[in-house]
>>> print(open('my_file_11.cif').read())   # mmCIF, C-alpha atoms
data_my_file
#
loop_
_atom_site.label_atom_id
_atom_site.label_comp_id
_atom_site.auth_asym_id
_atom_site.auth_seq_id
_atom_site.Cartn_x
_atom_site.Cartn_y
_atom_site.Cartn_z
CA MET A 1254 -5.40 22.56 -10.31
CA LYS A 1255 -7.52 19.96 -12.07
CA ILE A 1256 -6.74 16.41 -10.96
CA SER A 1257 -7.88 13.05 -12.28
CA ILE A 1258 -7.82 10.10 -9.90
CA ILE A 1259 -7.89 6.65 -11.45
CA GLY A 1260 -9.39 4.48 -8.73
CA ALA A 1261 -11.98 6.20 -6.55
CA GLY A 1262 -11.53 3.87 -3.58
CA LEU A 1263 -9.91 4.10 -0.17
CA ILE A 1264 -6.54 5.55 -1.21
CA GLY A 1265 -7.73 7.62 -4.16
CA GLY A 1266 -10.70 8.93 -2.21
CA SER A 1267 -8.58 9.85 0.81
CA ILE A 1268 -6.10 11.72 -1.41
CA ALA A 1269 -8.97 13.55 -3.12
CA LEU A 1270 -10.55 14.64 0.17
CA LYS A 1271 -7.27 15.96 1.53
CA LEU A 1272 -6.26 17.83 -1.63
CA LYS A 1273 -9.71 19.39 -1.83
CA GLY A 1274 -9.52 20.45 1.79
CA LYS A 1275 -6.09 21.99 1.28
CA GLY A 1276 -7.23 23.90 -1.80
CA ILE A 1277 -4.75 22.09 -4.04
CA ALA A 1278 -7.48 20.62 -6.23
CA SER A 1279 -9.96 22.96 -7.88
CA PHE A 1280 -11.73 20.10 -9.69
CA ILE A 1281 -11.35 16.33 -9.41
CA TYR A 1282 -12.34 13.79 -12.05
CA GLY A 1283 -12.92 10.23 -10.91
CA ILE A 1284 -12.12 7.31 -13.20
CA ASP A 1285 -13.16 3.84 -12.08
CA ASN A 1286 -14.45 0.67 -13.72
CA ASN A 1287 -16.75 0.25 -10.73
CA LYS A 1288 -19.71 2.57 -11.38
CA GLN A 1289 -20.82 2.22 -7.77
CA HIS A 1290 -17.52 3.73 -6.64
CA ILE A 1291 -18.07 6.72 -8.91
CA ASP A 1292 -21.64 7.18 -7.68
CA GLU A 1293 -20.57 6.96 -4.04
CA ALA A 1294 -17.61 9.30 -4.57
CA LEU A 1295 -19.92 11.88 -6.18
CA GLU A 1296 -22.46 11.52 -3.39
CA LEU A 1297 -19.75 12.00 -0.76
CA ASN A 1298 -18.29 15.01 -2.63
CA ILE A 1299 -14.97 13.21 -3.02
CA ILE A 1300 -14.92 13.88 -6.76
CA ASP A 1301 -16.64 16.53 -8.88
CA ALA A 1302 -17.35 14.42 -11.95
CA GLY A 1303 -16.91 10.96 -13.34
CA ALA A 1304 -14.97 10.52 -16.57
CA ASP A 1305 -13.72 7.87 -18.94
CA LEU A 1306 -9.98 7.27 -19.11
CA GLU A 1307 -9.14 9.40 -22.14
CA GLN A 1308 -11.34 12.32 -21.11
CA GLY A 1309 -10.10 12.28 -17.54
CA VAL A 1310 -6.42 12.03 -18.43
CA LYS A 1311 -6.52 14.77 -21.05
CA SER A 1312 -8.50 17.15 -18.81
CA ALA A 1313 -6.17 17.19 -15.81
CA GLU A 1314 -2.82 18.70 -14.89
CA LEU A 1315 -2.13 15.82 -12.51
CA ILE A 1316 -3.21 12.20 -12.95
CA ILE A 1317 -3.03 9.88 -9.93
CA LEU A 1318 -3.21 6.10 -10.29
CA ALA A 1319 -4.70 4.65 -7.10
CA ILE A 1320 -5.49 1.13 -8.30
CA PRO A 1321 -4.07 -2.35 -7.58
CA VAL A 1322 -0.41 -2.59 -8.57
CA ASP A 1323 -0.93 -5.11 -11.37
CA ALA A 1324 -3.55 -2.86 -12.95
CA ALA A 1325 -1.31 0.20 -12.52
CA ARG A 1326 1.58 -1.61 -14.18
CA LYS A 1327 -0.57 -2.43 -17.21
CA LEU A 1328 -2.35 0.91 -17.43
CA LEU A 1329 0.51 3.34 -16.83
CA PRO A 1330 2.12 3.12 -20.31
CA GLY A 1331 -1.24 3.89 -21.92
CA VAL A 1332 -1.80 6.85 -19.60
CA LEU A 1333 1.61 8.27 -20.52
CA ASP A 1334 0.67 7.85 -24.20
CA LEU A 1335 -2.25 10.23 -23.66
CA ILE A 1336 -0.52 13.09 -21.85
CA SER A 1337 1.30 16.20 -23.01
CA ASP A 1338 4.73 17.35 -21.87
CA HIS A 1339 3.06 19.64 -19.34
CA GLN A 1340 1.08 17.01 -17.45
CA THR A 1341 2.26 14.88 -14.55
CA VAL A 1342 1.37 11.32 -13.59
CA MET A 1343 1.93 9.71 -10.20
CA ASP A 1344 0.84 6.43 -8.67
CA ALA A 1345 0.17 5.26 -5.13
CA GLY A 1346 1.15 1.60 -5.38
CA SER A 1347 2.63 -0.50 -2.59
CA THR A 1348 5.27 -2.01 -4.88
CA LYS A 1349 7.46 0.15 -7.07
CA ALA A 1350 10.05 -1.78 -9.08
CA GLY A 1351 7.55 -3.46 -11.40
CA ILE A 1352 5.71 -0.21 -12.09
CA VAL A 1353 8.91 1.75 -12.69
CA ASN A 1354 10.28 -0.95 -14.99
CA ALA A 1355 7.03 -1.00 -16.99
CA VAL A 1356 7.74 2.53 -18.29
CA LYS A 1357 11.55 2.75 -18.10
CA ASN A 1358 11.83 3.11 -21.89
CA HIS A 1359 8.67 5.14 -22.43
CA PRO A 1360 9.35 8.45 -24.23
CA LYS A 1361 7.36 10.30 -21.55
CA ARG A 1362 8.89 8.47 -18.57
CA SER A 1363 10.05 11.79 -17.11
CA ARG A 1364 6.43 12.90 -16.64
CA PHE A 1365 5.86 10.06 -14.16
CA VAL A 1366 6.71 10.14 -10.45
CA ALA A 1367 6.63 6.84 -8.53
CA PHE A 1368 5.02 7.37 -5.13
CA HIS A 1369 3.88 5.23 -2.20
CA PRO A 1370 1.91 6.72 0.71
CA MET A 1371 2.70 4.54 3.72
CA TRP A 1372 -0.85 4.19 4.97
CA GLY A 1373 -3.76 1.86 4.45
CA THR A 1374 -6.50 -0.01 6.25
CA GLU A 1375 -8.31 -3.28 5.84
CA ASN A 1376 -11.29 -1.36 4.42
CA SER A 1377 -11.98 -0.44 0.81
CA GLY A 1378 -14.16 1.80 -1.32
CA PRO A 1379 -14.87 5.55 -1.25
CA LYS A 1380 -17.03 5.25 1.89
CA SER A 1381 -13.85 4.30 3.78
CA ALA A 1382 -11.91 7.38 2.60
CA ILE A 1383 -10.46 9.57 5.36
CA ALA A 1384 -9.08 13.05 4.63
CA GLU A 1385 -6.55 13.05 7.48
CA SER A 1386 -5.38 9.49 6.94
CA PHE A 1387 -1.92 10.40 5.63
CA SER A 1388 -1.03 13.03 8.23
CA GLY A 1389 2.33 12.34 9.86
CA LYS A 1390 3.01 9.27 7.72
CA ALA A 1391 5.91 8.68 5.33
CA GLY A 1392 5.44 9.39 1.63
CA VAL A 1393 8.03 7.54 -0.45
CA ILE A 1394 9.15 8.91 -3.82
CA CYS A 1395 11.19 6.42 -5.82
CA ASN A 1396 13.79 6.96 -8.55
CA LYS A 1397 13.31 10.73 -8.45
CA GLU A 1398 16.24 11.26 -10.83
CA GLU A 1399 14.15 9.66 -13.60
CA SER A 1400 11.40 12.28 -13.26
CA ALA A 1401 11.38 15.78 -14.77
CA GLU A 1402 12.16 18.52 -12.28
CA ASP A 1403 8.77 20.23 -12.63
CA ALA A 1404 6.90 16.92 -12.31
CA LEU A 1405 8.87 16.03 -9.18
CA THR A 1406 8.24 19.49 -7.70
CA LEU A 1407 4.48 19.13 -8.28
CA VAL A 1408 4.34 15.72 -6.61
CA GLU A 1409 6.42 17.00 -3.69
CA LYS A 1410 3.84 19.78 -3.31
CA VAL A 1411 1.06 17.18 -3.27
CA VAL A 1412 2.84 15.04 -0.68
CA ASP A 1413 3.39 18.11 1.47
CA ALA A 1414 -0.33 18.94 1.18
CA LEU A 1415 -1.11 15.42 2.39
CA ASP A 1416 0.91 16.34 5.51
CA MET A 1417 3.36 13.51 4.89
CA HIS A 1418 7.12 13.59 5.30
CA ILE A 1419 8.99 12.63 2.14
CA ILE A 1420 11.50 9.81 1.90
CA TYR A 1421 13.45 9.30 -1.34
CA MET A 1422 14.38 5.73 -2.23
CA ASP A 1423 15.41 3.47 -5.05
CA ALA A 1424 12.44 1.37 -6.22
CA GLU A 1425 14.24 -1.93 -5.63
CA ASP A 1426 15.20 -0.90 -2.08
CA HIS A 1427 11.66 0.23 -1.42
CA ASP A 1428 10.28 -3.18 -2.32
CA ILE A 1429 12.77 -4.94 -0.05
CA HIS A 1430 11.89 -2.75 2.92
CA THR A 1431 8.13 -2.91 2.42
CA ALA A 1432 8.34 -6.71 2.25
CA TYR A 1433 9.63 -6.61 5.82
CA ILE A 1434 7.46 -3.88 7.34
CA SER A 1435 4.19 -4.35 5.49
CA HIS A 1436 3.83 -7.34 3.21
CA ILE A 1437 4.93 -10.01 5.72
CA SER A 1438 2.52 -8.51 8.27
CA HIS A 1439 -0.37 -9.20 5.95
CA ILE A 1440 0.72 -12.76 5.19
CA THR A 1441 1.14 -13.44 8.90
CA SER A 1442 -2.31 -12.03 9.62
CA TYR A 1443 -3.92 -14.11 6.86
CA ALA A 1444 -2.16 -17.25 8.12
CA LEU A 1445 -3.17 -16.64 11.74
CA ALA A 1446 -6.79 -16.02 10.75
CA ASN A 1447 -6.82 -19.26 8.74
CA THR A 1448 -5.25 -21.13 11.67
CA VAL A 1449 -7.93 -19.96 14.09
CA LEU A 1450 -10.73 -20.51 11.59
CA GLU A 1451 -9.52 -24.10 11.21
CA LYS A 1452 -9.41 -24.68 14.97
CA GLU A 1453 -12.72 -22.91 15.49
CA ARG A 1454 -14.41 -25.93 13.94
CA GLU A 1455 -13.35 -27.84 17.05
CA GLU A 1456 -13.66 -25.08 19.64
CA GLU A 1457 -16.76 -22.92 19.27
CA THR A 1458 -15.68 -20.67 22.13
CA ILE A 1459 -12.47 -19.40 20.50
CA PHE A 1460 -14.05 -16.28 19.03
CA GLN A 1461 -16.13 -15.71 22.15
CA LEU A 1462 -12.88 -15.48 24.11
CA ALA A 1463 -10.96 -13.46 21.51
CA SER A 1464 -9.32 -10.42 23.09
CA SER A 1465 -8.51 -7.03 21.63
CA GLY A 1466 -4.94 -8.30 21.13
CA PHE A 1467 -6.18 -11.05 18.82
CA SER A 1468 -8.44 -8.62 16.98
CA SER A 1469 -5.61 -6.18 16.33
CA THR A 1470 -3.28 -8.99 15.22
CA VAL A 1471 -5.69 -10.38 12.63
CA ARG A 1472 -7.13 -7.00 11.56
CA LEU A 1473 -5.06 -7.07 8.37
CA ALA A 1474 -6.65 -10.40 7.42
CA LYS A 1475 -9.74 -8.39 6.47
CA SER A 1476 -7.77 -6.77 3.63
CA HIS A 1477 -9.08 -7.64 0.17
CA PRO A 1478 -7.30 -10.17 -2.07
CA GLU A 1479 -7.91 -7.93 -5.11
CA MET A 1480 -5.27 -5.60 -3.71
CA TRP A 1481 -2.90 -7.97 -1.93
CA VAL A 1482 -2.48 -10.86 -4.38
CA PRO A 1483 -1.00 -8.44 -6.98
CA ILE A 1484 1.33 -6.98 -4.32
CA PHE A 1485 2.60 -10.42 -3.33
CA LYS A 1486 2.93 -11.33 -7.01
CA GLN A 1487 4.95 -8.25 -7.97
CA ASN A 1488 7.16 -8.44 -4.88
CA LYS A 1489 7.38 -12.23 -4.82
CA GLU A 1490 11.14 -12.67 -4.37
CA ASN A 1491 11.39 -10.20 -1.49
CA VAL A 1492 8.27 -11.58 0.18
CA LEU A 1493 9.61 -15.13 -0.10
CA ASP A 1494 12.91 -14.04 1.43
CA VAL A 1495 11.27 -12.50 4.48
CA LEU A 1496 8.72 -15.33 4.70
CA ASN A 1497 11.53 -17.90 4.87
CA GLU A 1498 13.11 -15.96 7.73
CA HIS A 1499 9.74 -15.71 9.48
CA ILE A 1500 9.25 -19.48 9.19
CA THR A 1501 12.74 -19.97 10.68
CA GLN A 1502 11.78 -17.80 13.66
CA LEU A 1503 8.53 -19.73 14.17
CA ARG A 1504 10.48 -22.98 14.15
CA LYS A 1505 12.70 -21.63 16.92
CA PHE A 1506 9.67 -21.01 19.12
CA LYS A 1507 8.25 -24.43 18.23
CA SER A 1508 11.53 -26.16 19.04
CA ALA A 1509 11.90 -24.35 22.38
CA LEU A 1510 8.44 -25.52 23.44
CA GLU A 1511 8.87 -29.06 22.16
CA LYS A 1512 12.14 -29.44 24.07
CA GLU A 1513 10.77 -27.58 27.11
CA ASN A 1514 13.70 -25.20 26.76
CA TYR A 1515 12.06 -22.28 28.52
CA GLU A 1516 15.35 -20.48 29.00
CA TYR A 1517 15.75 -20.32 25.22
CA LEU A 1518 12.11 -19.29 24.89
CA GLU A 1519 12.78 -16.40 27.22
CA GLU A 1520 15.82 -15.43 25.13
CA LEU A 1521 13.68 -15.35 21.98
CA ILE A 1522 11.08 -13.13 23.63
CA THR A 1523 13.71 -10.86 25.19
CA ASN A 1524 15.39 -10.44 21.83
CA ALA A 1525 12.02 -9.58 20.25
CA ASN A 1526 11.49 -6.93 22.94
CA ARG A 1527 14.32 -4.93 21.34
CA ILE A 1528 11.74 -3.75 18.82
CA ARG A 1529 10.50 -1.35 21.52
CA GLY A 1530 13.57 0.82 20.92
CA ILE A 1531 12.66 1.07 17.24
CA LEU A 1532 8.88 1.37 17.37
CA ARG A 1533 8.12 3.98 20.00
#
>>> encode(input="my_file_11.cif", output="structure tokens")
Amino acid sequence: MKISIIGAGLIGGSIALKLKGKGIASFIYGIDNNKQHIDEALELNIIDAGADLEQGVKSAELIILAIPVDAARKLLPGVLDLISDHQTVMDAGSTKAGIVNAVKNHPKRSRFVAFHPMWGTENSGPKSAIAESFSGKAGVICNKEESAEDALTLVEKVVDALDMHIIYMDAEDHDIHTAYISHISHITSYALANTVLEKEREEETIFQLASSGFSSTVRLAKSHPEMWVPIFKQNKENVLDVLNEHITQLRKFKSALEKENYEYLEELITNANRIRGILR
């Protein structure tokens, strides 16, 4: 099967490597505004050829959008304009409602399958692509009833080839849940990094003493704004909802310390420990 991947970076490159390795893709076109990404992807044998948008879309059976969610939302209608009734388009965005709504009235809406692979790192670019990155992770397909049966079947085959387990969700529900399990984690990491960077002006030894626990906590703060500002923008209401709750929880810890209420502090920590039963 010939595949075109729009966005030859971390996610697109990882998908390409895996589908090549599984024999799903016989030829992969790479489409990217960043020529360096195309050159690197060719050098690393992630893609077989670079292409412009029209050429790449019209030459493939499957088109995968692996670009920031604001760009995907703008580009998707135009991609659907270019395809036939026998081609399939899928995306890999971290927010779904905005993308789904952007094409809800498009005459070829049924050729699109909304998809989110629940994996990512703080790195970017084709050099960071990892073939086995998706193995064992959840692959979310949203609003499947709005996609043609053959298009859905093809995307399910791709997700299976990525060694992911499929979860079907409504796009709105997806965005609520990802605000809690993913988006707030990034905001928290950015905020903690900024906090320590501010204090580091006063205490030069902070980073010298930083433990692996600190490094893992702020790892997400290395994630690029080009990807995450659009995610926060498109999922603003859900992110604000969870952020308000997070601020409330921080205030509880602050109040317990200010009032030297260590019994309450212990209660807060003990309650948080319940997450062990969920994340094993």
>>> resolve_selection(input="my_file_11.cif", expression="the PyMOL selection byres ((chain A and resi 1418) around 12)", output="MDAnalysis selection string")
chainID A and resid 1369:1371 1387:1394 1409:1417 1419:1421
>>> closest_residue(input="my_file_11.cif", among="A:Tyr1282, A:Arg1362, A:Leu1306, A:Lys1380", to="Ser1267 (chain A)", atoms="only C-alpha atoms")
A:Lys1380
>>> resolve_selection(input="my_file_11.cif", expression="the PyMOL selection byres ((chain A and resi 1300) around 6)", output="number ranges by chain")
A: 1281-1283, 1294-1295, 1298-1299, 1301-1302
>>> write_last_selection(input="my_file_11.cif", atoms="C-alpha atoms", output="PDB file, in the coordinates of the input")
ATOM      1  CA  ILE A1281     -11.350  16.330  -9.410  1.00  0.00           C
ATOM      2  CA  TYR A1282     -12.340  13.790 -12.050  1.00  0.00           C
ATOM      3  CA  GLY A1283     -12.920  10.230 -10.910  1.00  0.00           C
ATOM      4  CA  ALA A1294     -17.610   9.300  -4.570  1.00  0.00           C
ATOM      5  CA  LEU A1295     -19.920  11.880  -6.180  1.00  0.00           C
ATOM      6  CA  ASN A1298     -18.290  15.010  -2.630  1.00  0.00           C
ATOM      7  CA  ILE A1299     -14.970  13.210  -3.020  1.00  0.00           C
ATOM      8  CA  ASP A1301     -16.640  16.530  -8.880  1.00  0.00           C
ATOM      9  CA  ALA A1302     -17.350  14.420 -11.950  1.00  0.00           C
TER      10      ALA A1302
END
>>> atom_distance(input="my_file_11.cif", atom1="CA of Ile1320 (chain A)", atom2="CA of Asp1403 (chain A)")
24.2 Å
>>> atom_distance(input="my_file_11.cif", atom1="CA of Ala1304 (chain A)", atom2="CA of Ala1261 (chain A)")
11.3 Å
>>> closest_residue(input="my_file_11.cif", among="A:Glu1519, A:Lys1357, A:Thr1431, A:Leu1263", to="Ile1383 (chain A)", atoms="all atoms listed in the file")
A:Leu1263
>>> closest_residue(input="my_file_11.cif", among="A:Thr1341, A:Asn1526, A:Pro1483, A:Glu1513", to="Ala1324 (chain A)", atoms="only C-alpha atoms")
A:Pro1483
>>> closest_residue(input="my_file_11.cif", among="A:Pro1379, A:Gly1466, A:Pro1321, A:Gly1265", to="Ser1347 (chain A)", atoms="only C-alpha atoms")
A:Pro1321
>>> residues_around(input="my_file_11.cif", residues="Glu1399 (chain A)", least_positions_apart="6", cutoff="10 Å", atoms="all atoms listed in the file", output="number ranges by chain")
A: 1353, 1357, 1362-1367, 1405
>>> write_last_selection(input="my_file_11.cif", atoms="C-alpha atoms", output="compact mmCIF listing (two decimals), in the coordinates of the input")
# COMPACT_ATOMS: atom_id res chain seq x y z
CA VAL A 1353 8.91 1.75 -12.69
CA LYS A 1357 11.55 2.75 -18.10
CA ARG A 1362 8.89 8.47 -18.57
CA SER A 1363 10.05 11.79 -17.11
CA ARG A 1364 6.43 12.90 -16.64
CA PHE A 1365 5.86 10.06 -14.16
CA VAL A 1366 6.71 10.14 -10.45
CA ALA A 1367 6.63 6.84 -8.53
CA LEU A 1405 8.87 16.03 -9.18
>>> closest_residue(input="my_file_11.cif", among="A:Gln1487, A:Ser1386, A:Asn1287, A:Thr1501", to="Asn1354 (chain A)", atoms="only C-alpha atoms")
A:Gln1487
>>> atom_distance(input="my_file_11.cif", atom1="CA of Asn1488 (chain A)", atom2="CA of Gly1373 (chain A)")
17.7 Å
>>> resolve_selection(input="my_file_11.cif", expression="the PyMOL selection byres ((chain A and resi 1492) around 12)", output="PyMOL selection string")
chain A and resi 1348+1428-1441+1481-1482+1484-1491+1493-1499
>>> closest_residue(input="my_file_11.cif", among="A:Ser1279, A:Asn1376, A:Ser1337, A:Ser1312", to="Gly1262 (chain A)", atoms="all atoms listed in the file")
A:Asn1376
>>> axis_aligned_box(input="my_file_11.cif", around="region 1274-1285 of chain A", padding_each_side="5 Å", output="lines of an AutoDock Vina configuration file")
center_x = -9.0
center_y = 13.9
center_z = -5.7
size_x = 18.4
size_y = 30.1
size_z = 25.0
>>> residues_near_point(input="my_file_11.cif", point="(-6.8, 0.7, -16.8)", cutoff="12 Å", atoms="only C-alpha atoms", output="PyMOL selection string")
chain A and resi 1258-1260+1284-1287+1305-1307+1310+1318-1333
>>> residues_around(input="my_file_11.cif", residues="region 1469-1477 of chain A", least_positions_apart="6", cutoff="8 Å", atoms="all atoms listed in the file", output="list in words")
Thr1374, Glu1375, Asn1376, Ser1377, Ser1438, His1439, Ser1442, Tyr1443, Leu1445 and Ala1446 of chain A
